[in-house]
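Asks: Hey, dropping query.cif in here, mmCIF, C-alpha atoms and all ligand atoms:
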```
data_run
#
loop_
_atom_site.label_atom_id
_atom_site.label_comp_id
_atom_site.auth_asym_id
_atom_site.auth_seq_id
_atom_site.Cartn_x
_atom_site.Cartn_y
_atom_site.Cartn_z
CA MET A 486 -64.98 -3.95 -55.31
CA THR A 487 -67.12 -1.90 -57.70
CA THR A 488 -67.10 -4.50 -60.44
CA THR A 489 -70.39 -5.10 -62.23
CA THR A 490 -71.19 -7.30 -65.20
CA THR A 491 -71.73 -4.43 -67.68
CA PRO A 492 -68.92 -4.69 -70.23
CA ALA A 493 -66.91 -1.49 -70.50
CA VAL A 494 -64.88 -2.94 -73.39
CA ARG A 495 -65.59 -6.00 -75.49
CA PHE A 496 -63.31 -7.68 -78.04
CA ALA A 497 -64.94 -10.18 -80.40
CA GLY A 498 -62.56 -12.15 -82.62
CA VAL A 499 -60.14 -9.24 -82.97
CA THR A 500 -57.00 -9.60 -85.10
CA ARG A 501 -54.37 -7.03 -86.00
CA HIS A 502 -51.75 -7.94 -88.55
CA PHE A 503 -48.69 -5.87 -89.45
CA GLY A 504 -47.58 -7.37 -92.77
CA THR A 505 -46.94 -11.00 -91.93
CA VAL A 506 -46.82 -10.40 -88.14
CA ARG A 507 -50.01 -11.47 -86.34
CA ALA A 508 -49.65 -9.02 -83.46
CA VAL A 509 -53.16 -9.86 -82.19
CA ASP A 510 -54.61 -13.13 -83.37
CA GLY A 511 -58.32 -13.73 -82.85
CA VAL A 512 -58.78 -12.32 -79.36
CA SER A 513 -62.14 -12.22 -77.51
CA PHE A 514 -62.71 -10.90 -74.00
CA GLU A 515 -64.78 -8.51 -71.94
CA VAL A 516 -63.66 -5.94 -69.40
CA TYR A 517 -66.35 -5.14 -66.85
CA ASP A 518 -67.28 -1.64 -65.81
CA GLY A 519 -65.30 -0.55 -62.74
CA GLU A 520 -62.84 -3.39 -63.02
CA PHE A 521 -59.04 -3.32 -62.68
CA PHE A 522 -58.15 -5.52 -65.65
CA SER A 523 -54.56 -6.37 -66.58
CA MET A 524 -53.11 -7.62 -69.83
CA LEU A 525 -50.01 -9.60 -68.87
CA GLY A 526 -47.52 -11.17 -71.23
CA PRO A 527 -43.95 -11.12 -72.50
CA SER A 528 -42.62 -8.48 -74.87
CA GLY A 529 -44.23 -8.74 -78.30
CA SER A 530 -47.28 -10.74 -77.18
CA GLY A 531 -49.78 -8.15 -78.43
CA LYS A 532 -50.82 -6.34 -75.23
CA THR A 533 -49.94 -2.81 -76.33
CA THR A 534 -51.56 -3.34 -79.72
CA CYS A 535 -54.80 -4.30 -77.91
CA LEU A 536 -54.56 -1.18 -75.76
CA ARG A 537 -53.91 1.04 -78.79
CA MET A 538 -56.94 -0.44 -80.53
CA ILE A 539 -59.11 0.48 -77.52
CA ALA A 540 -57.67 4.00 -77.57
CA GLY A 541 -58.29 4.23 -81.32
CA PHE A 542 -54.62 4.67 -82.31
CA GLU A 543 -54.76 1.34 -84.21
CA GLN A 544 -57.57 -0.32 -86.11
CA PRO A 545 -58.33 -4.06 -86.05
CA THR A 546 -57.63 -6.00 -89.25
CA SER A 547 -60.79 -7.95 -88.46
CA GLY A 548 -63.22 -8.47 -85.60
CA SER A 549 -65.09 -5.96 -83.53
CA ILE A 550 -64.41 -3.79 -80.47
CA THR A 551 -67.23 -2.18 -78.53
CA ILE A 552 -66.78 0.42 -75.80
CA HIS A 553 -69.74 0.70 -73.41
CA GLY A 554 -71.86 -1.08 -75.97
CA ARG A 555 -70.92 1.21 -78.88
CA GLU A 556 -69.04 -0.14 -81.91
CA ALA A 557 -65.63 1.57 -81.87
CA ALA A 558 -64.81 1.26 -85.59
CA GLY A 559 -64.74 4.71 -87.18
CA VAL A 560 -64.79 6.53 -83.81
CA PRO A 561 -61.66 8.76 -83.57
CA PRO A 562 -59.54 8.61 -80.38
CA PHE A 563 -60.74 11.94 -78.97
CA GLU A 564 -64.37 10.85 -79.19
CA ARG A 565 -63.77 7.68 -77.17
CA ASP A 566 -64.47 7.87 -73.46
CA VAL A 567 -60.96 6.66 -72.69
CA ASN A 568 -57.63 8.22 -71.67
CA THR A 569 -54.14 6.74 -71.79
CA VAL A 570 -51.24 6.97 -69.33
CA PHE A 571 -47.90 6.02 -70.87
CA GLN A 572 -44.70 4.75 -69.33
CA ASP A 573 -42.74 7.84 -70.38
CA TYR A 574 -45.31 10.18 -68.70
CA ALA A 575 -45.46 12.46 -71.80
CA LEU A 576 -45.68 15.58 -69.61
CA PHE A 577 -45.08 19.02 -71.15
CA PRO A 578 -41.68 20.01 -69.71
CA HIS A 579 -42.16 23.79 -70.08
CA MET A 580 -45.45 23.77 -68.14
CA THR A 581 -45.92 23.56 -64.38
CA VAL A 582 -47.52 20.55 -62.76
CA ALA A 583 -50.81 22.49 -62.41
CA GLN A 584 -50.73 23.55 -66.08
CA ASN A 585 -50.03 19.98 -67.16
CA ILE A 586 -52.96 18.66 -65.15
CA ALA A 587 -55.26 21.47 -66.33
CA TYR A 588 -54.49 20.75 -69.98
CA GLY A 589 -57.66 18.74 -70.72
CA PRO A 590 -60.10 21.14 -69.04
CA MET A 591 -58.32 24.05 -70.77
CA LEU A 592 -58.95 22.47 -74.19
CA LYS A 593 -62.59 22.07 -73.16
CA ARG A 594 -62.65 25.78 -72.21
CA VAL A 595 -63.48 25.16 -68.56
CA GLY A 596 -63.30 28.49 -66.65
CA ARG A 597 -60.13 29.33 -64.72
CA ALA A 598 -61.59 29.13 -61.19
CA GLU A 599 -63.21 25.74 -61.88
CA ARG A 600 -60.02 24.51 -63.52
CA GLU A 601 -57.99 25.47 -60.47
CA ARG A 602 -60.48 23.73 -58.19
CA GLN A 603 -60.27 20.55 -60.27
CA VAL A 604 -56.46 20.67 -60.30
CA GLU A 605 -56.39 20.96 -56.49
CA GLU A 606 -58.77 18.02 -56.24
CA MET A 607 -56.54 15.94 -58.51
CA LEU A 608 -53.36 16.92 -56.65
CA ASP A 609 -55.03 15.70 -53.45
CA LEU A 610 -56.14 12.48 -55.14
CA VAL A 611 -52.60 11.62 -56.25
CA ARG A 612 -51.15 12.87 -52.96
CA LEU A 613 -49.19 15.81 -54.38
CA PRO A 614 -50.84 18.80 -52.69
CA GLY A 615 -48.66 21.90 -52.93
CA TYR A 616 -46.74 20.64 -55.99
CA GLY A 617 -48.76 22.62 -58.58
CA GLY A 618 -46.08 25.26 -59.16
CA ARG A 619 -43.21 22.86 -59.89
CA LYS A 620 -41.90 21.91 -63.29
CA PRO A 621 -41.79 18.18 -64.21
CA ALA A 622 -37.97 18.28 -64.24
CA HIS A 623 -38.05 18.98 -60.49
CA LEU A 624 -40.06 15.88 -59.64
CA SER A 625 -39.05 12.28 -58.98
CA GLY A 626 -40.10 9.50 -61.36
CA GLY A 627 -42.94 8.42 -59.09
CA GLN A 628 -44.20 11.99 -58.72
CA ARG A 629 -44.14 12.51 -62.49
CA GLN A 630 -46.17 9.36 -62.94
CA ARG A 631 -48.73 10.66 -60.46
CA VAL A 632 -48.97 13.93 -62.39
CA ALA A 633 -49.54 11.95 -65.60
CA LEU A 634 -52.28 10.04 -63.80
CA ALA A 635 -53.90 13.24 -62.52
CA ARG A 636 -53.73 14.74 -66.00
CA ALA A 637 -55.67 11.77 -67.38
CA LEU A 638 -58.16 11.46 -64.49
CA ILE A 639 -59.15 15.14 -64.56
CA ASN A 640 -60.95 14.38 -67.85
CA HIS A 641 -63.16 11.86 -65.99
CA PRO A 642 -62.76 9.11 -68.57
CA ARG A 643 -64.90 6.03 -68.02
CA VAL A 644 -61.92 3.87 -68.97
CA LEU A 645 -58.27 4.58 -68.17
CA LEU A 646 -55.65 2.76 -70.24
CA LEU A 647 -52.25 2.35 -68.61
CA ASP A 648 -49.30 1.12 -70.68
CA GLU A 649 -46.53 -0.13 -68.34
CA PRO A 650 -46.88 3.10 -66.32
CA LEU A 651 -44.47 1.98 -63.60
CA GLY A 652 -41.88 0.45 -65.92
CA ALA A 653 -39.33 3.24 -65.45
CA LEU A 654 -39.40 3.17 -61.64
CA ASP A 655 -37.11 1.25 -59.34
CA LEU A 656 -38.51 -1.78 -57.49
CA LYS A 657 -39.30 -0.11 -54.16
CA LEU A 658 -41.09 2.85 -55.74
CA ARG A 659 -42.88 0.55 -58.15
CA GLN A 660 -44.30 -1.50 -55.28
CA GLU A 661 -45.38 1.67 -53.48
CA MET A 662 -47.06 3.01 -56.62
CA GLN A 663 -48.85 -0.33 -57.19
CA GLY A 664 -50.64 0.13 -53.88
CA GLU A 665 -51.46 3.75 -54.69
CA LEU A 666 -52.74 3.01 -58.17
CA LYS A 667 -55.07 0.36 -56.82
CA ALA A 668 -56.29 2.72 -54.09
CA ILE A 669 -56.90 5.52 -56.60
CA GLN A 670 -58.78 3.16 -58.90
CA LYS A 671 -61.03 2.11 -56.02
CA ARG A 672 -61.67 5.70 -55.04
CA VAL A 673 -62.57 6.95 -58.53
CA GLY A 674 -64.36 3.68 -59.40
CA ILE A 675 -63.59 3.75 -63.13
CA THR A 676 -62.33 0.93 -65.31
CA PHE A 677 -58.54 0.55 -65.44
CA ILE A 678 -56.98 -1.51 -68.24
CA TYR A 679 -53.36 -2.09 -67.39
CA VAL A 680 -50.59 -3.47 -69.61
CA THR A 681 -47.59 -5.08 -67.96
CA HIS A 682 -45.03 -7.84 -68.44
CA ASP A 683 -44.52 -8.01 -64.66
CA GLN A 684 -46.53 -10.88 -63.20
CA GLU A 685 -46.25 -9.68 -59.63
CA GLU A 686 -47.64 -6.30 -60.63
CA ALA A 687 -50.60 -7.91 -62.41
CA LEU A 688 -51.32 -10.27 -59.51
CA THR A 689 -51.08 -7.51 -56.89
CA MET A 690 -53.42 -4.97 -58.42
CA SER A 691 -55.93 -6.67 -60.70
CA ASP A 692 -59.46 -7.92 -60.28
CA ARG A 693 -58.80 -10.10 -63.34
CA VAL A 694 -55.78 -10.80 -65.53
CA ALA A 695 -55.59 -11.84 -69.20
CA VAL A 696 -52.36 -13.70 -69.95
CA PHE A 697 -51.12 -13.07 -73.51
CA SER A 698 -48.73 -15.13 -75.60
CA GLN A 699 -48.02 -14.68 -79.30
CA GLY A 700 -51.08 -12.54 -79.99
CA LYS A 701 -53.50 -14.88 -78.23
CA ILE A 702 -55.02 -15.01 -74.75
CA GLU A 703 -53.94 -18.13 -72.89
CA GLN A 704 -56.12 -17.63 -69.83
CA ILE A 705 -58.33 -15.00 -68.18
CA GLY A 706 -59.18 -15.09 -64.48
CA ALA A 707 -58.75 -13.65 -61.02
CA PRO A 708 -55.10 -13.52 -59.86
CA THR A 709 -55.65 -16.43 -57.46
CA GLU A 710 -57.18 -18.51 -60.25
CA ILE A 711 -54.35 -17.74 -62.68
CA TYR A 712 -51.73 -18.58 -60.08
CA GLU A 713 -53.39 -21.54 -58.39
CA CYS A 714 -54.92 -23.18 -61.48
CA PRO A 715 -52.83 -22.36 -64.57
CA ARG A 716 -54.46 -23.98 -67.57
CA THR A 717 -51.59 -24.04 -70.05
CA THR A 718 -47.88 -24.79 -69.92
CA PHE A 719 -47.22 -21.17 -70.87
CA VAL A 720 -49.25 -19.70 -67.98
CA ALA A 721 -47.77 -22.20 -65.51
CA GLY A 722 -44.27 -21.09 -66.51
CA PHE A 723 -44.85 -17.36 -67.02
CA VAL A 724 -46.85 -16.63 -63.87
CA GLY A 725 -44.66 -17.71 -60.98
CA VAL A 726 -42.56 -20.87 -61.05
CA SER A 727 -43.99 -24.31 -61.82
CA ASN A 728 -42.74 -27.86 -62.09
CA ILE A 729 -44.07 -29.21 -65.38
CA ILE A 730 -44.34 -32.98 -65.29
CA GLY A 731 -45.14 -35.11 -68.32
CA GLY A 732 -44.54 -38.53 -69.83
CA ASP A 733 -44.14 -41.69 -67.75
CA LEU A 734 -43.54 -39.86 -64.47
CA ALA A 735 -46.82 -37.94 -64.85
CA GLU A 736 -48.65 -41.17 -65.57
CA ARG A 737 -47.07 -42.90 -62.59
CA LEU A 738 -48.02 -40.03 -60.24
CA SER A 739 -51.46 -39.13 -61.53
CA GLY A 740 -52.60 -42.38 -63.10
CA GLU A 741 -53.30 -40.60 -66.37
CA ARG A 742 -51.37 -39.81 -69.54
CA ILE A 743 -51.29 -36.03 -68.96
CA THR A 744 -48.87 -33.16 -68.50
CA PHE A 745 -49.41 -31.30 -65.27
CA ALA A 746 -48.02 -28.44 -63.19
CA VAL A 747 -47.28 -28.36 -59.48
CA ARG A 748 -46.03 -25.26 -57.66
CA PRO A 749 -42.72 -25.57 -55.73
CA GLU A 750 -44.32 -24.27 -52.51
CA LYS A 751 -47.00 -26.98 -52.59
CA ILE A 752 -44.37 -29.73 -52.31
CA ARG A 753 -43.24 -30.84 -48.87
CA MET A 754 -39.74 -32.23 -48.57
CA ALA A 755 -39.43 -34.94 -45.90
CA SER A 756 -37.11 -37.80 -44.98
CA PRO A 757 -37.36 -40.87 -47.27
CA ASP A 758 -39.20 -42.93 -44.63
CA ALA A 759 -41.77 -40.21 -43.79
CA PRO A 760 -45.38 -41.41 -43.71
CA VAL A 761 -47.51 -40.39 -46.68
CA GLU A 762 -51.11 -39.46 -45.93
CA HIS A 763 -53.78 -41.31 -47.86
CA GLY A 764 -54.31 -39.98 -51.37
CA ALA A 765 -51.21 -37.78 -51.40
CA VAL A 766 -48.65 -37.91 -54.21
CA SER A 767 -45.18 -38.97 -53.23
CA LEU A 768 -41.84 -39.79 -54.79
CA THR A 769 -38.26 -40.13 -53.67
CA GLY A 770 -35.08 -38.46 -54.83
CA ARG A 771 -31.91 -36.69 -53.77
CA VAL A 772 -31.24 -32.97 -53.24
CA ALA A 773 -29.01 -31.79 -56.08
CA GLU A 774 -28.86 -28.07 -55.37
CA VAL A 775 -29.79 -25.65 -52.58
CA VAL A 776 -30.39 -21.94 -53.13
CA TYR A 777 -30.83 -19.96 -49.92
CA LEU A 778 -33.05 -16.93 -50.61
CA GLY A 779 -33.58 -15.42 -47.15
CA MET A 780 -37.34 -15.76 -46.82
CA HIS A 781 -37.31 -19.24 -48.29
CA THR A 782 -34.93 -21.84 -49.68
CA ARG A 783 -35.18 -23.41 -53.12
CA TYR A 784 -34.20 -27.06 -53.37
CA ILE A 785 -33.57 -28.72 -56.74
CA VAL A 786 -34.25 -32.41 -56.35
CA ASP A 787 -33.15 -35.22 -58.72
CA VAL A 788 -36.12 -37.54 -58.70
CA ASP A 789 -35.57 -41.31 -58.90
CA GLY A 790 -36.34 -42.27 -62.48
CA GLY A 791 -34.68 -39.19 -63.97
CA SER A 792 -36.47 -35.88 -63.61
CA GLN A 793 -35.74 -32.72 -61.64
CA LEU A 794 -38.24 -30.90 -59.42
CA THR A 795 -38.02 -27.58 -57.60
CA VAL A 796 -39.25 -27.33 -54.03
CA ALA A 797 -39.63 -24.06 -52.10
CA ALA A 798 -39.62 -24.21 -48.32
CA GLN A 799 -40.15 -21.27 -46.01
CA ASN A 800 -37.24 -20.77 -43.61
CA LEU A 801 -39.37 -21.07 -40.50
CA ASP A 802 -36.82 -22.65 -38.19
CA ALA A 803 -34.13 -23.62 -40.68
CA THR A 804 -30.86 -21.73 -40.39
CA PRO A 805 -28.89 -21.09 -43.60
CA GLY A 806 -26.53 -23.87 -42.39
CA ASP A 807 -29.43 -26.36 -42.04
CA ALA A 808 -30.71 -25.47 -45.49
CA LEU A 809 -27.34 -25.78 -47.21
CA ALA A 810 -26.57 -29.07 -45.42
CA ALA A 811 -29.47 -30.69 -47.28
CA ARG A 812 -27.37 -30.92 -50.45
CA GLY A 813 -26.88 -34.57 -51.43
CA ARG A 814 -29.46 -35.84 -48.92
CA PRO A 815 -32.03 -38.50 -49.93
CA VAL A 816 -35.57 -37.11 -49.53
CA ARG A 817 -39.23 -37.86 -50.08
CA LEU A 818 -41.37 -35.26 -51.86
CA ILE A 819 -45.05 -35.19 -50.95
CA TRP A 820 -47.94 -33.07 -52.19
CA ARG A 821 -51.71 -33.16 -52.15
CA ARG A 822 -53.44 -34.48 -55.24
CA GLU A 823 -55.49 -31.28 -55.64
CA HIS A 824 -52.25 -29.40 -56.40
CA ILE A 825 -51.88 -31.32 -59.66
CA HIS A 826 -53.07 -29.07 -62.48
CA PRO A 827 -53.49 -30.76 -65.85
CA LEU A 828 -52.26 -28.51 -68.67
CA ALA A 829 -53.82 -28.07 -72.08
CA GLY A 830 -50.67 -27.83 -74.20
P1 LIG B 901 -44.09 -4.89 -75.28
O1 LIG B 901 -44.29 -5.32 -73.86
O2 LIG B 901 -42.68 -5.07 -75.75
O3 LIG B 901 -44.65 -3.55 -75.60
P2 LIG B 901 -46.45 -6.12 -76.40
O4 LIG B 901 -46.91 -7.38 -75.82
O5 LIG B 901 -47.14 -4.89 -75.99
O6 LIG B 901 -44.91 -5.96 -76.18
P3 LIG B 901 -47.04 -5.31 -79.08
O7 LIG B 901 -46.33 -4.00 -78.93
O8 LIG B 901 -48.51 -5.29 -79.11
O9 LIG B 901 -46.55 -6.32 -77.97
O10 LIG B 901 -46.47 -6.01 -80.40
C1 LIG B 901 -46.92 -7.26 -80.88
C2 LIG B 901 -46.18 -7.60 -82.16
O11 LIG B 901 -46.57 -6.71 -83.19
C3 LIG B 901 -44.66 -7.49 -82.05
O12 LIG B 901 -44.09 -8.54 -82.80
C4 LIG B 901 -44.37 -6.14 -82.67
O13 LIG B 901 -43.08 -6.13 -83.24
C5 LIG B 901 -45.45 -6.04 -83.73
N1 LIG B 901 -45.84 -4.63 -83.99
C6 LIG B 901 -46.43 -3.80 -83.12
N2 LIG B 901 -46.67 -2.60 -83.69
C7 LIG B 901 -46.20 -2.66 -84.96
C8 LIG B 901 -46.14 -1.75 -86.07
N3 LIG B 901 -46.63 -0.53 -85.98
N4 LIG B 901 -45.59 -2.20 -87.20
C9 LIG B 901 -45.09 -3.46 -87.32
N5 LIG B 901 -45.12 -4.36 -86.31
C10 LIG B 901 -45.66 -3.98 -85.14
#
```
Rewrite the structure of this file - the entire thing - as structure tokens.
Ligand code: ATP

Replies:
Amino acid sequence: MTTTTTPAVRFAGVTRHFGTVRAVDGVSFEVYDGEFFSMLGPSGSGKTTCLRMIAGFEQPTSGSITIHGREAAGVPPFERDVNTVFQDYALFPHMTVAQNIAYGPMLKRVGRAERERQVEEMLDLVRLPGYGGRKPAHLSGGQRQRVALARALINHPRVLLLDEPLGALDLKLRQEMQGELKAIQKRVGITFIYVTHDQEEALTMSDRVAVFSQGKIEQIGAPTEIYECPRTTFVAGFVGVSNIIGGDLAERLSGERITFAVRPEKIRMASPDAPVEHGAVSLTGRVAEVVYLGMHTRYIVDVDGGSQLTVAAQNLDATPGDALAARGRPVRLIWRREHIHPLAG
């Protein structure tokens, strides 16, 4: 990982209002130089507005943005050391792939031979050698996205902004491109700031993720930290699946008056008389619903005392018949105390 602690981009108390809408509401964070940083959140949570403010297409209502230590206010988009890749590719349809990629150097009046050399280098980087003569219409979605990436990277920006760049691709291609994007980012070593509403995408590619909700950042951290230790009810529910436990049941299980999250895969489902290791959390209930999902099975359990918990169990030895036969069965749910994550609202 090429991450250092030099901030490439810094937000300090940034807000952006559109009339009465607080699109971005007092946001502070730093993106380190060379980092793959994702802004993850549902539609309308303010991610794109943050990205557009970094690019210079929007101005903050208040607060300050610095890019590589320089105050961004008043700096026009073309003078910022950033480039943007959009979901819709924005390729010029009448130009060939090579002409599209060479667009930036052409504006900078780079000589033809050097331009062609750079285009070849970029086509290699995005694994499209030999495609220079094609028109965008004769490429697949994934190939078009790679051309858009090459067209941005040829300008050697220090920061690349990517706004849901894989959103238009089908699942298989999207997963393939996630791996490629990460590999390209490692190879070129520049800062990637990536906007997505897809939690798996953010977890797969990022060094760190900022989770957005209603114009605010709920949590920033490494993917493992965000997933394993969600700090708010929103993050626990938006990133993966969580059981949120509050009220009397939470107090009974944890000994404290808190609300906490526990992941379905951290809960072991055993027979009601199974031994419980010292210090583990345990409660009894009855399987209400079974959903067989191939790789694992999801069990919905009615807990004694009136709550419902979801348990995920890998189908190691269980046949679909075994899994489905669990419906109606009394069970004991057991998990380790360290998998209890208190939530801050
Ligand atoms: P999406 O994933 O749908 O793009 P997002 O998280 O990127 O969502 P933003 O596009 O930043 O969210 O929008 C945040 C809020 O600001 C939304 O309520 C949106 O309607 C509003 N908004 C964004 N741009 C404008 C604008 N130019 N004028 C008015 N409201 C806007």

Asks: Any residue with an atom at most 9 Å from ligand LIG 901 (chain B) counts, using all atoms listed in the file. Which are they? Put them as a ChimeraX atom specification.

Replies: /A:501-509,524-537,543,648-649,680-682,697-700

Asks: Just give me the gap between atom CA of Gly511 of chain A and atom CA of Thr709 of chain A in Å, one decimal is fine.

Replies: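 Taking atom CA of Gly511 of chain A as the start and atom CA of Thr709 of chain A as the end point, the length is 25.7 Å.
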
Asks: For Arg629 of chain A, which of A:Leu794, A:Ala598, A:Ala721, A:Ala653 is the closest residue, counting all atoms listed in the file?

Replies: A:Ala653

Asks: Under the rule that only C-alpha atoms are counted, which of A:Val766, A:Asn800, A:Glu686, A:Gly498 is the nearest residue to Glu736 of chain A?

Replies: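 That would be A:Val766, the residue with the smallest distance to Glu736 of chain A.
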
Asks: List the spatial neighbours of segment 613-625 of chain A as a short mmCIF file (atom, residue, chain, number, x, y, z; two decimals) with C-alpha atoms, in the coordinates of the input - criterion: any atom at most 10 Å away, all atoms listed in the file, same-chain residues fewer than 4 positions off excluded.

Replies:
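Here's the written file out-v3.cif:
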```cif
data_model
loop_
_atom_site.label_atom_id
_atom_site.label_comp_id
_atom_site.auth_asym_id
_atom_site.auth_seq_id
_atom_site.Cartn_x
_atom_site.Cartn_y
_atom_site.Cartn_z
CA TYR A 574 -45.31 10.18 -68.70
CA LEU A 576 -45.68 15.58 -69.61
CA PHE A 577 -45.08 19.02 -71.15
CA PRO A 578 -41.68 20.01 -69.71
CA HIS A 579 -42.16 23.79 -70.08
CA MET A 580 -45.45 23.77 -68.14
CA THR A 581 -45.92 23.56 -64.38
CA VAL A 582 -47.52 20.55 -62.76
CA ALA A 583 -50.81 22.49 -62.41
CA GLN A 584 -50.73 23.55 -66.08
CA ASN A 585 -50.03 19.98 -67.16
CA ILE A 586 -52.96 18.66 -65.15
CA GLU A 601 -57.99 25.47 -60.47
CA VAL A 604 -56.46 20.67 -60.30
CA GLU A 605 -56.39 20.96 -56.49
CA GLU A 606 -58.77 18.02 -56.24
CA MET A 607 -56.54 15.94 -58.51
CA LEU A 608 -53.36 16.92 -56.65
CA ASP A 609 -55.03 15.70 -53.45
CA ARG A 629 -44.14 12.51 -62.49
CA GLN A 630 -46.17 9.36 -62.94
CA ARG A 631 -48.73 10.66 -60.46
CA VAL A 632 -48.97 13.93 -62.39
CA ALA A 635 -53.90 13.24 -62.52
CA LEU A 654 -39.40 3.17 -61.64
#
```

Asks: Please identify all polymer residues lying at most 12 Å from the point (-35.3, -39.1, -61.2) (file coordinates), using only C-alpha atoms, and present the result as a PDB file with C-alpha atoms, in the frame of the given file.

Replies:
```pdb
ATOM      1  CA  ILE A 730     -44.340 -32.980 -65.290  1.00  0.00           C
ATOM      2  CA  ASP A 733     -44.140 -41.690 -67.750  1.00  0.00           C
ATOM      3  CA  LEU A 734     -43.540 -39.860 -64.470  1.00  0.00           C
ATOM      4  CA  LEU A 768     -41.840 -39.790 -54.790  1.00  0.00           C
ATOM      5  CA  THR A 769     -38.260 -40.130 -53.670  1.00  0.00           C
ATOM      6  CA  GLY A 770     -35.080 -38.460 -54.830  1.00  0.00           C
ATOM      7  CA  ARG A 771     -31.910 -36.690 -53.770  1.00  0.00           C
ATOM      8  CA  VAL A 772     -31.240 -32.970 -53.240  1.00  0.00           C
ATOM      9  CA  ALA A 773     -29.010 -31.790 -56.080  1.00  0.00           C
ATOM     10  CA  ILE A 785     -33.570 -28.720 -56.740  1.00  0.00           C
ATOM     11  CA  VAL A 786     -34.250 -32.410 -56.350  1.00  0.00           C
ATOM     12  CA  ASP A 787     -33.150 -35.220 -58.720  1.00  0.00           C
ATOM     13  CA  VAL A 788     -36.120 -37.540 -58.700  1.00  0.00           C
ATOM     14  CA  ASP A 789     -35.570 -41.310 -58.900  1.00  0.00           C
ATOM     15  CA  GLY A 790     -36.340 -42.270 -62.480  1.00  0.00           C
ATOM     16  CA  GLY A 791     -34.680 -39.190 -63.970  1.00  0.00           C
ATOM     17  CA  SER A 792     -36.470 -35.880 -63.610  1.00  0.00           C
ATOM     18  CA  GLN A 793     -35.740 -32.720 -61.640  1.00  0.00           C
ATOM     19  CA  LEU A 794     -38.240 -30.900 -59.420  1.00  0.00           C
ATOM     20  CA  PRO A 815     -32.030 -38.500 -49.930  1.00  0.00           C
ATOM     21  CA  VAL A 816     -35.570 -37.110 -49.530  1.00  0.00           C
ATOM     22  CA  ARG A 817     -39.230 -37.860 -50.080  1.00  0.00           C
ATOM     23  CA  LEU A 818     -41.370 -35.260 -51.860  1.00  0.00           C
TER      24      LEU A 818
END
```

Asks: Could you give me the axis-aligned bounding box of segment 534-537 of chain A, with 4 Å of padding per side, as centre plus edge lengths in Å to one decimal, as JSON?

Replies:
```
{"center_x": -53.2, "center_y": -1.6, "center_z": -77.7, "size_x": 11.2, "size_y": 13.3, "size_z": 12.0}
```

Asks: Find the distance between atom CA of Asp518 of chain A and atom CA of Leu647 of chain A and write it in Å to one decimal.

Replies: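 Distance reported for this atom pair: 15.8 Å.
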
Asks: Please compute the atom CA of Pro642 of chain A-atom CA of Gly664 of chain A distance, one decimal, in Å.

Replies: 21.1 Å
